[in-house]
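For reference, the structure is listed below as structure tokens.
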Amino acid sequence: MSGIGTKQPWQGLVCAASGSMLADTVCCPLDVVKVRMQLSQSGVLGEYYTGIGDAARKIWAKERIQGFYKGLTPCLLRSGTYGTCRIAIYEPLKSLVAGKDTPRDMVTPGQKVLAALLSGTLSSFVFTPADVIKIRMQGDRDGKLYRGVVHAAATIFRTEKLVGLYKGSAVNVCRAGVCAVVELATYDEVKKALCSTPAWGFGDSLPTHLVTALIAGFCSTVASQPVDLLKSRLMHSADRVNVLSFCLQTMRREGFRGMYAGFWPNYLRIGPHTCVCFLTIEQVRHLAEWAV
């Protein structure tokens with residue numbers, strides 16, 4: 001009853017795509033608020049937000065509803081590529097790491113962590129351009145820089161070459177690895193623990209999926225927030241920077257508290273995002289009778 005395995009790999013791909021893309025659509029406004037707050041703290045936007053409410057009010061006042069869905073197309077591009085891939089290959093990688101003949105309930109936490117790390121980092125590196133395009137478009141307050149995904153990709157490639165599309169890839173891969181380990185492995189382990197606890201009593205059902213997703217989302221936010229902030233700023237910048245120097249300067253300038261700028265909008269995005277994503281995956285795999 002643990003994990004999110006399916007009978008066939010393509011079924012896992014369908015489940016992952018459904019969950020990831022629906023979650024990104026629902027949570028796009030929260031993602032915009034998070035990115036704007038992270039960029040605001042560094043001064044690159046020319047506008048400062050005092051909190052979630054202030055950011056939401058200013059975005060609404062200047063950009064209306066379109067502002068909250070700025071970058072939805074690249075969001076869906078990202079979720080349809082990176083978001084789908086990291087979830088879809090987790091179970092096959094877990095089977096590969098543990099051994100094909102190892103029973104699902106006998107896979108160790110360490111093996112789950114390794115599988116999650118591989119799924120997150122490999123998917124992230126391959127699909128970093130989708131992340132760069134998403135952040136650039138969400139940071140374009142006036143909507144004058146990019147007319148769409150194709151135009152954004154072409155503009156970045158023309159002005160910054162291939163390096164521009166992979167800007168911040170090192171930080172992005174680190175963040176993806178942390179997120180995948182904490183999110184996927186935590187979801188897997190917590191779900192297994194709840195399902196095997198008689199006192200819980202709900203088994204492999206909706207309440208179990210909801211509680212497990214909320215726990216995994218919170219843990220993922222805490223672990224990945226500093227790296228996520230650095231990733232957003234690096235990808236938004238058109239300048240070439242030394243990643244290590246940039247990280248050290250940010251930590252010196254803003255301290256520990258600054259590294260958690262936008263934490264609550266980030267969790268308010270990741271919490272619901274994780275819930276919508278995993279609840280959709282679980283419903284699809286059970287309703288279609290693909291679950292194993």
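Chain labels A, B, ... are given in the sequence in which chains occur in the structure tokens; within each chain residues are numbered consecutively from 1, and ligands are likewise numbered from 1 in the order shown.
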Kindly assemble as a Markdown table a list of the range 36-154 of chain A residues that lie within 7 Å of range 165-174 of chain A, each paired with its nearest atom pair and their distance in Å to one decimal, using only C-alpha atoms, sorted first by chain and then by ascending residue number.
| residue | atom | partner | partner_atom | distance |
| --- | --- | --- | --- | --- |
| A:Thr121 | CA | A:Val173 | CA | 5.1 |
| A:Ser124 | CA | A:Val173 | CA | 5.5 |
| A:Phe125 | CA | A:Val173 | CA | 5.9 |
| A:Thr128 | CA | A:Tyr166 | CA | 5.8 |
| A:Pro129 | CA | A:Leu165 | CA | 4.7 |
| A:Val132 | CA | A:Leu165 | CA | 6.2 |
I need the residues from that last selection saved to file as a PDB file, in the first residue's frame (with N, CA, C and O atoms), if you can.
ATOM      1  N   THR A 121      17.027  15.075  -9.514  1.00  0.00           N
ATOM      2  CA  THR A 121      18.181  15.753 -10.128  1.00  0.00           C
ATOM      3  C   THR A 121      18.239  15.533 -11.641  1.00  0.00           C
ATOM      4  O   THR A 121      18.503  16.472 -12.393  1.00  0.00           O
ATOM      5  N   SER A 124      15.390  17.532 -13.281  1.00  0.00           N
ATOM      6  CA  SER A 124      15.624  18.970 -13.159  1.00  0.00           C
ATOM      7  C   SER A 124      16.656  19.461 -14.163  1.00  0.00           C
ATOM      8  O   SER A 124      16.460  20.483 -14.819  1.00  0.00           O
ATOM      9  N   PHE A 125      17.766  18.741 -14.286  1.00  0.00           N
ATOM     10  CA  PHE A 125      18.817  19.201 -15.198  1.00  0.00           C
ATOM     11  C   PHE A 125      18.319  19.220 -16.646  1.00  0.00           C
ATOM     12  O   PHE A 125      18.531  20.189 -17.376  1.00  0.00           O
ATOM     13  N   THR A 128      15.685  22.204 -17.090  1.00  0.00           N
ATOM     14  CA  THR A 128      15.973  23.527 -16.527  1.00  0.00           C
ATOM     15  C   THR A 128      15.470  24.679 -17.403  1.00  0.00           C
ATOM     16  O   THR A 128      14.950  25.669 -16.874  1.00  0.00           O
ATOM     17  N   PRO A 129      15.585  24.619 -18.742  1.00  0.00           N
ATOM     18  CA  PRO A 129      15.080  25.730 -19.560  1.00  0.00           C
ATOM     19  C   PRO A 129      13.617  26.088 -19.292  1.00  0.00           C
ATOM     20  O   PRO A 129      13.244  27.261 -19.333  1.00  0.00           O
ATOM     21  N   VAL A 132      13.609  28.304 -16.233  1.00  0.00           N
ATOM     22  CA  VAL A 132      14.140  29.634 -16.529  1.00  0.00           C
ATOM     23  C   VAL A 132      13.076  30.490 -17.225  1.00  0.00           C
ATOM     24  O   VAL A 132      12.829  31.647 -16.850  1.00  0.00           O
TER      25      VAL A 132
END
**Request:** Excluding range 244-260 of chain A and residues on its chain fewer than 6 positions from it, collect all residues at most 10 Å away from it, counting only C-alpha atoms, and give them as a PyMOL selection string.
**Result:** chain A and resi 38+41-42+171+221-222+224-231+233-234+266
Write the selection just made, keeping N, CA and C atoms, as a compact mmCIF listing (two decimals), in the first residue's frame?
# COMPACT_ATOMS: atom_id res chain seq x y z
N GLN A 38 10.28 36.84 -3.70
CA GLN A 38 11.70 36.47 -3.69
C GLN A 38 12.53 37.46 -4.50
N GLN A 41 12.79 41.07 -2.71
CA GLN A 41 13.75 41.16 -1.61
C GLN A 41 15.14 41.56 -2.10
N SER A 42 15.46 41.19 -3.35
CA SER A 42 16.79 41.51 -3.88
C SER A 42 16.81 42.85 -4.61
N VAL A 171 22.06 25.27 -8.98
CA VAL A 171 21.18 25.51 -7.83
C VAL A 171 19.84 24.80 -8.04
N THR A 221 9.08 22.30 1.83
CA THR A 221 9.25 23.75 1.86
C THR A 221 10.38 24.15 2.79
N VAL A 222 10.40 23.58 3.99
CA VAL A 222 11.44 23.91 4.96
C VAL A 222 12.83 23.58 4.41
N SER A 224 13.79 23.11 1.21
CA SER A 224 14.21 23.65 -0.09
C SER A 224 14.14 25.17 -0.20
N GLN A 225 13.55 25.85 0.78
CA GLN A 225 13.30 27.30 0.67
C GLN A 225 14.56 28.12 0.35
N PRO A 226 15.68 27.97 1.09
CA PRO A 226 16.86 28.78 0.77
C PRO A 226 17.37 28.56 -0.66
N VAL A 227 17.38 27.31 -1.09
CA VAL A 227 17.85 27.00 -2.44
C VAL A 227 16.87 27.53 -3.48
N ASP A 228 15.59 27.47 -3.17
CA ASP A 228 14.56 27.95 -4.09
C ASP A 228 14.68 29.46 -4.30
N LEU A 229 14.96 30.19 -3.22
CA LEU A 229 15.13 31.63 -3.33
C LEU A 229 16.32 31.99 -4.22
N LEU A 230 17.44 31.32 -4.00
CA LEU A 230 18.63 31.56 -4.83
C LEU A 230 18.37 31.20 -6.29
N LYS A 231 17.63 30.11 -6.51
CA LYS A 231 17.31 29.69 -7.87
C LYS A 231 16.49 30.75 -8.60
N ARG A 233 16.31 33.97 -8.09
CA ARG A 233 17.09 35.19 -8.39
C ARG A 233 18.12 34.94 -9.48
N LEU A 234 18.77 33.79 -9.45
CA LEU A 234 19.76 33.48 -10.47
C LEU A 234 19.12 33.38 -11.85
N ASN A 266 5.44 30.46 -0.23
CA ASN A 266 6.01 29.25 -0.82
C ASN A 266 5.29 28.02 -0.28
**Request:** Would you list the contacts of Glu289 in chain A as a VMD selection string, taking every protein, DNA or RNA residue within 10 Å and counting only C-alpha atoms, but skipping same-chain residues closer than 6 positions in sequence?
**Result:** chain A and resid 6 to 7 283
Residues of range 128-220 of chain A at most 7 Å from range 274-277 of chain A: nearest atom pair and distance in Å, only C-alpha atoms, as a Markdown table:
| residue | atom | partner | partner_atom | distance |
| --- | --- | --- | --- | --- |
| A:Leu210 | CA | A:Cys275 | CA | 6.1 |
| A:Ala213 | CA | A:Cys275 | CA | 5.1 |
| A:Leu214 | CA | A:Cys275 | CA | 6.3 |
| A:Gly217 | CA | A:Thr274 | CA | 5.6 |
Could you save those same residues with C-alpha atoms as a tab-separated table (two decimals), in the first residue's frame?
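Written output follows (result.tsv):
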chain	number	residue	atom	x	y	z
A	210	LEU	CA	-4.34	14.20	2.30
A	213	ALA	CA	0.68	15.14	1.25
A	214	LEU	CA	0.43	18.00	3.80
A	217	GLY	CA	4.70	19.53	1.44
**Distance query Lys34 in chain A at most 10 Å, only C-alpha atoms, self and fewer than 6 positions along chain excluded, as a ChimeraX atom specification** = /A:28,40,52,55-56,229,232,261-269
**Item:** Surrounding residues of Thr25 in chain A excluding itself and chain neighbours under 3 positions, 9 Å, only C-alpha atoms, as a PyMOL selection string
**Value:** chain A and resi 20-22+28-29+69+72+75-76
Residues as selected, N, CA, C and O atoms, written as a short mmCIF file (atom, residue, chain, number, x, y, z; two decimals), in the first residue's frame, can you do that?
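Final output, selection.cif:
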data_model
loop_
_atom_site.label_atom_id
_atom_site.label_comp_id
_atom_site.auth_asym_id
_atom_site.auth_seq_id
_atom_site.Cartn_x
_atom_site.Cartn_y
_atom_site.Cartn_z
N SER A 20 0.51 16.65 -11.72
CA SER A 20 1.43 17.78 -11.77
C SER A 20 0.84 18.97 -12.50
O SER A 20 0.94 20.12 -12.04
N MET A 21 0.18 18.74 -13.63
CA MET A 21 -0.35 19.85 -14.43
C MET A 21 -1.59 20.47 -13.78
O MET A 21 -1.77 21.69 -13.82
N LEU A 22 -2.44 19.66 -13.17
CA LEU A 22 -3.60 20.22 -12.47
C LEU A 22 -3.15 21.04 -11.27
O LEU A 22 -3.67 22.15 -11.02
N CYS A 28 -1.00 28.38 -9.62
CA CYS A 28 -0.23 29.40 -10.34
C CYS A 28 -0.23 30.77 -9.65
O CYS A 28 0.82 31.40 -9.54
N PRO A 29 -1.39 31.28 -9.18
CA PRO A 29 -1.37 32.58 -8.49
C PRO A 29 -0.44 32.61 -7.28
O PRO A 29 0.25 33.60 -7.04
N TYR A 69 -1.87 34.97 -13.19
CA TYR A 69 -1.68 33.82 -14.07
C TYR A 69 -0.59 34.07 -15.10
O TYR A 69 -0.51 33.40 -16.12
N LEU A 72 1.56 31.15 -16.78
CA LEU A 72 0.84 29.87 -16.66
C LEU A 72 1.30 28.88 -17.74
O LEU A 72 1.49 27.70 -17.45
N CYS A 75 4.47 27.46 -16.85
CA CYS A 75 4.22 26.62 -15.66
C CYS A 75 3.77 25.23 -16.11
O CYS A 75 4.23 24.21 -15.59
N LEU A 76 2.84 25.22 -17.09
CA LEU A 76 2.34 23.94 -17.59
C LEU A 76 3.42 23.21 -18.39
O LEU A 76 3.48 21.97 -18.36
#
**Message:** So that I can see what lies close to range 137-149 of chain A, please list as a ChimeraX atom specification the residues with an atom at most 12 Å from it, counting only C-alpha atoms and leaving out residues fewer than 6 positions away in the same chain.
**Reply:** /A:28-40,43-47,58-64,66-78,129-131,155-156,232-233,235-237
Using only C-alpha atoms, what table do you get, as CSV, when you list each residue of range 176-290 of chain A with an atom no more than 10 Å from range 104-117 of chain A, its nearest pair of atoms, and their distance in Å rounded to one decimal, rows by chain then rising number?
residue,atom,partner,partner_atom,distance
A:Ala176,CA,A:Leu117,CA,8.1
A:Gly177,CA,A:Leu117,CA,4.9
A:Val178,CA,A:Leu117,CA,7.2
A:Cys179,CA,A:Leu117,CA,8.5
A:Ala180,CA,A:Ala116,CA,5.2
A:Val181,CA,A:Ala116,CA,4.9
A:Val182,CA,A:Val113,CA,8.0
A:Glu183,CA,A:Ala116,CA,8.5
A:Leu184,CA,A:Ala116,CA,6.2
A:Ala185,CA,A:Lys112,CA,5.6
A:Thr186,CA,A:Val113,CA,8.8
A:Asp188,CA,A:Lys112,CA,8.0
A:Glu189,CA,A:Pro109,CA,7.2
A:Lys192,CA,A:Asp105,CA,8.1
Just the selected residues (all heavy atoms), exported as a compact mmCIF listing (two decimals), in the first residue's frame, please.
# COMPACT_ATOMS: atom_id res chain seq x y z
N ALA A 176 15.97 20.64 -6.67
CA ALA A 176 15.12 19.53 -7.13
C ALA A 176 15.46 18.24 -6.39
O ALA A 176 14.57 17.46 -6.05
CB ALA A 176 15.30 19.33 -8.63
N GLY A 177 16.76 18.03 -6.14
CA GLY A 177 17.16 16.85 -5.39
C GLY A 177 16.62 16.87 -3.98
O GLY A 177 16.09 15.87 -3.48
N VAL A 178 16.74 18.04 -3.32
CA VAL A 178 16.22 18.19 -1.95
C VAL A 178 14.71 17.98 -1.93
O VAL A 178 14.17 17.24 -1.10
CB VAL A 178 16.57 19.59 -1.39
CG1 VAL A 178 15.84 19.84 -0.08
CG2 VAL A 178 18.08 19.71 -1.18
N CYS A 179 14.01 18.65 -2.86
CA CYS A 179 12.54 18.55 -2.93
C CYS A 179 12.09 17.12 -3.17
O CYS A 179 11.16 16.63 -2.52
CB CYS A 179 11.98 19.44 -4.03
SG CYS A 179 11.82 21.17 -3.56
N ALA A 180 12.74 16.46 -4.11
CA ALA A 180 12.34 15.09 -4.46
C ALA A 180 12.56 14.15 -3.29
O ALA A 180 11.69 13.32 -2.97
CB ALA A 180 13.11 14.62 -5.68
N VAL A 181 13.73 14.28 -2.64
CA VAL A 181 14.02 13.41 -1.49
C VAL A 181 13.01 13.62 -0.38
O VAL A 181 12.41 12.67 0.14
CB VAL A 181 15.46 13.65 -0.97
CG1 VAL A 181 15.65 13.02 0.40
CG2 VAL A 181 16.48 13.11 -1.96
N VAL A 182 12.81 14.89 -0.02
CA VAL A 182 11.93 15.19 1.11
C VAL A 182 10.47 14.91 0.76
O VAL A 182 9.72 14.37 1.56
CB VAL A 182 12.10 16.65 1.57
CG1 VAL A 182 11.16 16.97 2.71
CG2 VAL A 182 13.54 16.90 2.00
N GLU A 183 10.07 15.27 -0.46
CA GLU A 183 8.66 15.14 -0.85
C GLU A 183 8.28 13.70 -1.18
O GLU A 183 7.37 13.13 -0.57
CB GLU A 183 8.39 16.04 -2.05
CG GLU A 183 6.93 16.31 -2.32
CD GLU A 183 6.76 17.35 -3.41
OE1 GLU A 183 7.12 18.52 -3.17
OE2 GLU A 183 6.28 16.98 -4.50
N LEU A 184 8.99 13.09 -2.14
CA LEU A 184 8.63 11.74 -2.59
C LEU A 184 8.91 10.68 -1.52
O LEU A 184 8.06 9.84 -1.23
CB LEU A 184 9.37 11.40 -3.88
CG LEU A 184 8.96 12.20 -5.12
CD1 LEU A 184 9.92 11.92 -6.27
CD2 LEU A 184 7.54 11.87 -5.54
N ALA A 185 10.13 10.73 -0.95
CA ALA A 185 10.48 9.72 0.05
C ALA A 185 9.65 9.89 1.32
O ALA A 185 9.24 8.90 1.94
CB ALA A 185 11.97 9.80 0.37
N THR A 186 9.38 11.14 1.72
CA THR A 186 8.55 11.38 2.90
C THR A 186 7.13 10.90 2.66
O THR A 186 6.53 10.24 3.52
CB THR A 186 8.53 12.89 3.26
OG1 THR A 186 9.85 13.31 3.59
CG2 THR A 186 7.61 13.15 4.45
N ASP A 188 6.14 8.61 0.64
CA ASP A 188 6.20 7.15 0.60
C ASP A 188 6.25 6.56 2.01
O ASP A 188 5.47 5.65 2.36
CB ASP A 188 7.45 6.74 -0.19
CG ASP A 188 7.32 5.34 -0.80
OD1 ASP A 188 6.47 4.58 -0.34
OD2 ASP A 188 8.08 5.03 -1.73
N GLU A 189 7.15 7.07 2.85
CA GLU A 189 7.34 6.53 4.20
C GLU A 189 6.16 6.83 5.12
O GLU A 189 5.72 5.97 5.88
CB GLU A 189 8.63 7.09 4.81
CG GLU A 189 9.88 6.35 4.41
CD GLU A 189 9.89 4.90 4.85
OE1 GLU A 189 9.93 4.64 6.08
OE2 GLU A 189 9.82 4.02 3.99
N LYS A 192 3.19 4.72 4.16
CA LYS A 192 3.40 3.34 4.60
C LYS A 192 3.14 3.20 6.09
O LYS A 192 2.48 2.24 6.54
CB LYS A 192 4.84 2.91 4.27
CG LYS A 192 5.19 1.50 4.73
CD LYS A 192 6.65 1.19 4.44
CE LYS A 192 7.03 -0.19 4.97
NZ LYS A 192 8.47 -0.48 4.75
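The nearest approach to Leu206 in chain A among the residues A:Cys85, A:Val150, A:Ile135, A:Leu279, with only C-alpha atoms taken into account, belongs to A:Leu279.
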**Request:** Just the alpha helix (DSSP H) stuff from range 183-270 of chain A, please, per backbone DSSP, written as a ChimeraX atom specification.
**Result:** /A:186-195,206-236,243-259,263-270
**Atom-to-atom span, CA of Val97 in chain A and CA of Ile270 in chain A, Å** = 27.6 Å
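Among A:Ala153, A:Ala16, A:Leu96, A:Leu162, the residue with the shortest atom-to-atom distance to Ser79 in chain A, counting only C-alpha atoms, is A:Ala16.
Nearest to Leu122 in chain A of all the residues A:His209, A:Gly99, A:Arg136, A:Gly83 is A:Gly83, counting only C-alpha atoms.
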